[in-house]
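Following: one structure in structure tokens, then a few remarks.
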Amino acid sequence: MANIILVTGTPGVGKTTLAKNLSRNSEIKLIEPNRLVRKEKLYTRFDRTRKTYVVDEGKLRRRLEELSRSSEGIVLPTHLLGRFLPEGRVKLALVLRLDPVVLYKRLRVRGWTKRKAWENTEAEILDVCLQESRLLLGPRKVYEIDTTRKSALAVYREALRVLSRGRTGRSGVVNWLARYVPLELERTL
Ligand code: ADP
Ligand code: MG
């Protein structure tokens, strides 16, 4: 049974917050891919220059498959999509969106450098996570939620409604490119 709920979106949009809320009051297990990789050593080596572990995608995929089989469901917050995802077991991807200006400020408050904050803001403007989800899972399994000016609780309630109705996909709810010109925005931030 497809019981993996993916919570995706640009870093800073609120994935972890939503995933925690979804798992808190239900049988759904929260699996944070990065933590799982470190805890169970699902990596091939440590990359010293990038200061990160290189994920063993095959191992992670098999582990996620196993966890999905042995539980009611799992919720997976991640901005990366790829071969490590057992896509056949994914029920729905919730793609969280956030106004790029709000996102940029949030990343700066988190202590990110201007450059790193901007790179991610640009990825948000260009719908990177949305497009990757649609390519990997098909548009019917992708549900976009604009979180701008919504509290974490409001986003959680919206996600619950989507999941309980077993709705099919929805995308195209935001169009940041119609509102912002990336090069102009970069100068004003
Ligand atoms: P992600 O996992 O996508 O990087 P987080 O869940 O860690 O995002 O949230 C990033 C920051 O934004 C945190 O400080 C969090 O408390 C805050 N946050 C999350 N959701 C909201 C929201 N709906 N409104 C305002 N702030 C939020
Ligand atoms: Mg997170």
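Naming works like this for the structure tokens: A, B, ... for the chains as they're shown, residue 1 at the start of each chain, ligands 1 onward in shown order.
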
key: Contact residues around Asp146 in chain A with only C-alpha atoms at 9 Å, ignoring same-chain residues under 3 positions, as an MDAnalysis selection string   = chainID A and resid 95:99 149:150 155 173:174

Since we have the selection now, will you write its residues out, keeping N, CA and C atoms, as a PDB file, in the first residue's frame?
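The resulting file, part-v4.pdb, is shown below:
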```
ATOM      1  N   VAL A  95       3.578  19.808  -1.414  1.00  0.00           N
ATOM      2  CA  VAL A  95       4.659  20.748  -1.730  1.00  0.00           C
ATOM      3  C   VAL A  95       4.329  22.089  -1.089  1.00  0.00           C
ATOM      4  N   LEU A  96       5.111  22.464  -0.088  1.00  0.00           N
ATOM      5  CA  LEU A  96       4.852  23.726   0.609  1.00  0.00           C
ATOM      6  C   LEU A  96       5.516  24.874  -0.132  1.00  0.00           C
ATOM      7  N   ARG A  97       4.780  25.950  -0.308  1.00  0.00           N
ATOM      8  CA  ARG A  97       5.298  27.127  -0.992  1.00  0.00           C
ATOM      9  C   ARG A  97       5.279  28.318  -0.050  1.00  0.00           C
ATOM     10  N   LEU A  98       6.163  29.259  -0.293  1.00  0.00           N
ATOM     11  CA  LEU A  98       6.210  30.449   0.548  1.00  0.00           C
ATOM     12  C   LEU A  98       6.696  31.618  -0.286  1.00  0.00           C
ATOM     13  N   ASP A  99       6.060  32.763  -0.093  1.00  0.00           N
ATOM     14  CA  ASP A  99       6.468  33.958  -0.821  1.00  0.00           C
ATOM     15  C   ASP A  99       7.991  34.134  -0.690  1.00  0.00           C
ATOM     16  N   ARG A 149       1.476  33.704   4.911  1.00  0.00           N
ATOM     17  CA  ARG A 149       0.539  34.310   5.868  1.00  0.00           C
ATOM     18  C   ARG A 149      -0.366  33.292   6.566  1.00  0.00           C
ATOM     19  N   LYS A 150       0.012  32.027   6.551  1.00  0.00           N
ATOM     20  CA  LYS A 150      -0.753  31.026   7.293  1.00  0.00           C
ATOM     21  C   LYS A 150       0.082  30.550   8.475  1.00  0.00           C
ATOM     22  N   VAL A 155      -1.680  25.558   8.349  1.00  0.00           N
ATOM     23  CA  VAL A 155      -1.087  24.698   7.315  1.00  0.00           C
ATOM     24  C   VAL A 155      -1.367  23.230   7.658  1.00  0.00           C
ATOM     25  N   VAL A 173      -0.952  26.899  -7.845  1.00  0.00           N
ATOM     26  CA  VAL A 173      -1.617  27.847  -6.943  1.00  0.00           C
ATOM     27  C   VAL A 173      -0.780  29.103  -6.714  1.00  0.00           C
ATOM     28  N   VAL A 174       0.518  29.012  -6.984  1.00  0.00           N
ATOM     29  CA  VAL A 174       1.316  30.239  -6.887  1.00  0.00           C
ATOM     30  C   VAL A 174       2.041  30.459  -8.207  1.00  0.00           C
TER      31      VAL A 174
END
```

How close does each residue of range 19-134 of chain A get to range 175-187 of chain A, giving the shortest atom pair and distance in Å to one decimal for every residue with an atom at most 9 Å away, counting only C-alpha atoms, sorted by chain and residue number, as JSON lines?
```
{"residue": "A:Asp99", "atom": "CA", "partner": "A:Trp176", "partner_atom": "CA", "distance": 7.3}
{"residue": "A:Pro100", "atom": "CA", "partner": "A:Trp176", "partner_atom": "CA", "distance": 7.5}
{"residue": "A:Val101", "atom": "CA", "partner": "A:Leu185", "partner_atom": "CA", "distance": 8.4}
{"residue": "A:Trp118", "atom": "CA", "partner": "A:Glu186", "partner_atom": "CA", "distance": 7.3}
{"residue": "A:Glu122", "atom": "CA", "partner": "A:Pro182", "partner_atom": "CA", "distance": 6.9}
{"residue": "A:Glu124", "atom": "CA", "partner": "A:Trp176", "partner_atom": "CA", "distance": 8.2}
{"residue": "A:Ile125", "atom": "CA", "partner": "A:Trp176", "partner_atom": "CA", "distance": 5.3}
{"residue": "A:Leu126", "atom": "CA", "partner": "A:Leu177", "partner_atom": "CA", "distance": 7.2}
{"residue": "A:Asp127", "atom": "CA", "partner": "A:Trp176", "partner_atom": "CA", "distance": 8.4}
```

Output of the above residues as a PDB file, in the first residue's frame, restricted to C-alpha atoms:
```
ATOM      1  CA  ASP A  99       6.468  33.958  -0.821  1.00  0.00           C
ATOM      2  CA  PRO A 100      10.145  34.339  -1.819  1.00  0.00           C
ATOM      3  CA  VAL A 101      10.647  37.582   0.118  1.00  0.00           C
ATOM      4  CA  TRP A 118      19.410  33.769  -2.241  1.00  0.00           C
ATOM      5  CA  GLU A 122      15.692  31.550  -6.460  1.00  0.00           C
ATOM      6  CA  GLU A 124      11.530  28.762  -4.754  1.00  0.00           C
ATOM      7  CA  ILE A 125      10.781  31.374  -7.437  1.00  0.00           C
ATOM      8  CA  LEU A 126      11.529  28.799 -10.157  1.00  0.00           C
ATOM      9  CA  ASP A 127       9.297  26.043  -8.662  1.00  0.00           C
TER      10      ASP A 127
END
```

Report as a PDB file with C-alpha atoms, in the first residue's frame all protein, DNA and RNA residues lying within 8 Å of Leu6 in chain A, evaluated on only C-alpha atoms, omitting residues in the same chain fewer than 3 positions from it.
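So selection-v2.pdb came out as:
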```
ATOM      1  CA  VAL A  75       5.756  11.148   6.770  1.00  0.00           C
ATOM      2  CA  LEU A  76       8.971  12.206   5.121  1.00  0.00           C
ATOM      3  CA  PRO A  77      10.064  15.860   5.168  1.00  0.00           C
ATOM      4  CA  THR A  78      12.709  16.416   2.482  1.00  0.00           C
ATOM      5  CA  VAL A  90       4.362   7.405  -2.054  1.00  0.00           C
ATOM      6  CA  LYS A  91       0.709   8.264  -1.561  1.00  0.00           C
ATOM      7  CA  LEU A  92       0.996  11.998  -1.903  1.00  0.00           C
ATOM      8  CA  ALA A  93       3.581  14.762  -1.984  1.00  0.00           C
ATOM      9  CA  LEU A  94       2.600  17.959  -0.221  1.00  0.00           C
TER      10      LEU A  94
END
```

Report the closest atom pair, with its distance in Å rounded to one decimal, for each residue of chain A that has an atom no farther than 12 Å from ligand 1; count only C-alpha atoms and all ligand atoms, sort by chain and then rising residue number, and write it as CSV.
```
residue,atom,partner,partner_atom_place_in_ligand_line,distance
A:Leu6,CA,ligand 1,3 (O),12.0
A:Val7,CA,ligand 1,3 (O),8.5
A:Thr8,CA,ligand 1,3 (O),7.4
A:Gly9,CA,ligand 1,3 (O),6.4
A:Thr10,CA,ligand 1,3 (O),6.3
A:Pro11,CA,ligand 1,4 (O),4.0
A:Gly12,CA,ligand 1,4 (O),3.5
A:Val13,CA,ligand 1,3 (O),4.2
A:Gly14,CA,ligand 1,8 (O),3.3
A:Lys15,CA,ligand 1,3 (O),3.7
A:Thr16,CA,ligand 1,2 (O),3.7
A:Thr17,CA,ligand 1,6 (O),3.7
A:Leu18,CA,ligand 1,6 (O),6.4
A:Ala19,CA,ligand 1,6 (O),8.0
A:Lys20,CA,ligand 1,6 (O),8.5
A:Asn21,CA,ligand 1,6 (O),10.0
A:Glu32,CA,ligand 1,2 (O),9.7
A:Pro33,CA,ligand 1,2 (O),11.6
A:Asn34,CA,ligand 1,2 (O),11.6
A:Leu76,CA,ligand 1,2 (O),10.5
A:Pro77,CA,ligand 1,2 (O),6.8
A:Thr78,CA,ligand 1,2 (O),7.5
A:His79,CA,ligand 1,3 (O),7.4
A:Leu80,CA,ligand 1,3 (O),11.1
A:Leu94,CA,ligand 1,3 (O),11.6
A:Val95,CA,ligand 1,3 (O),10.0
A:Leu96,CA,ligand 1,3 (O),8.0
A:Arg97,CA,ligand 1,3 (O),9.5
A:Leu98,CA,ligand 1,23 (N),9.1
A:Asp99,CA,ligand 1,24 (N),11.4
A:Val102,CA,ligand 1,25 (C),9.4
A:Leu103,CA,ligand 1,12 (O),8.6
A:Tyr104,CA,ligand 1,12 (O),11.1
A:Lys105,CA,ligand 1,12 (O),10.2
A:Arg106,CA,ligand 1,12 (O),6.6
A:Leu107,CA,ligand 1,10 (C),7.9
A:Arg108,CA,ligand 1,11 (C),10.7
A:Val109,CA,ligand 1,14 (O),8.7
A:Arg110,CA,ligand 1,14 (O),7.3
A:Gly111,CA,ligand 1,14 (O),11.1
A:Trp112,CA,ligand 1,4 (O),11.8
A:Ala117,CA,ligand 1,4 (O),11.8
A:Asn120,CA,ligand 1,4 (O),10.8
A:Glu124,CA,ligand 1,3 (O),11.6
A:Cys129,CA,ligand 1,3 (O),11.5
A:Ile145,CA,ligand 1,23 (N),10.9
A:Asp146,CA,ligand 1,23 (N),9.6
A:Thr147,CA,ligand 1,23 (N),5.9
A:Thr148,CA,ligand 1,23 (N),7.3
A:Arg149,CA,ligand 1,24 (N),6.8
A:Lys150,CA,ligand 1,23 (N),5.2
A:Ser151,CA,ligand 1,23 (N),4.0
A:Ala152,CA,ligand 1,23 (N),3.5
A:Leu153,CA,ligand 1,23 (N),7.0
A:Ala154,CA,ligand 1,23 (N),7.2
A:Val155,CA,ligand 1,23 (N),6.1
A:Tyr156,CA,ligand 1,23 (N),8.5
A:Arg157,CA,ligand 1,23 (N),11.0
A:Glu158,CA,ligand 1,23 (N),11.2
A:Ala159,CA,ligand 1,23 (N),11.9
```

message = Between A:Val142, A:Pro86, A:Ser26, A:Arg35, which residue has the minimum interatomic distance to ligand 2, considering only C-alpha atoms and all ligand atoms?
response =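 Using only C-alpha atoms and all ligand atoms, ligand 2 sits closest to A:Arg35.
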
inquiry  = Going by DSSP on the backbone, which residues of range 52-186 of chain A come out as strand (DSSP E or B)? List them as a list in words.
reply    =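 The strand (DSSP E or B) residues within range 52-186 of chain A come out as Thr52, Tyr53, Val54, Val55, Ile74, Val75, Leu76, Pro77, Val90, Lys91, Leu92, Ala93, Leu94, Val95, Leu96, Arg97, Val142, Tyr143, Glu144, Ile145, Asp146 and Arg170 of chain A.
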
remark   = re CA of Thr168 in chain A and CA of Met1 in chain A: distance 16.5 Å

task = Extract, using only C-alpha atoms, all DNA, RNA and protein residues at most 9 Å from Arg167 in chain A, discarding same-chain residues fewer than 6 positions from it, and format them as a VMD selection string.
result = chain A and resid 140 to 141 143 161

Same residues, N, CA, C and O atoms, output as an mmCIF file, in the first residue's frame:
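Wrote it out as result_18.cif, contents follow:
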```
data_model
loop_
_atom_site.group_PDB
_atom_site.id
_atom_site.type_symbol
_atom_site.label_atom_id
_atom_site.label_comp_id
_atom_site.auth_asym_id
_atom_site.auth_seq_id
_atom_site.Cartn_x
_atom_site.Cartn_y
_atom_site.Cartn_z
ATOM 1 N N ARG A 140 -0.796 13.957 -10.492
ATOM 2 C CA ARG A 140 -1.941 13.590 -9.637
ATOM 3 C C ARG A 140 -1.560 13.300 -8.204
ATOM 4 O O ARG A 140 -2.402 13.273 -7.317
ATOM 5 N N LYS A 141 -0.288 13.046 -7.984
ATOM 6 C CA LYS A 141 0.159 12.754 -6.611
ATOM 7 C C LYS A 141 0.817 13.964 -5.950
ATOM 8 O O LYS A 141 1.442 13.835 -4.912
ATOM 9 N N TYR A 143 0.414 17.789 -4.432
ATOM 10 C CA TYR A 143 -0.550 18.770 -3.942
ATOM 11 C C TYR A 143 0.195 19.964 -3.351
ATOM 12 O O TYR A 143 0.936 19.839 -2.385
ATOM 13 N N ARG A 161 -6.962 18.129 5.828
ATOM 14 C CA ARG A 161 -8.127 18.103 4.928
ATOM 15 C C ARG A 161 -7.771 17.410 3.615
ATOM 16 O O ARG A 161 -8.524 16.571 3.117
#
```
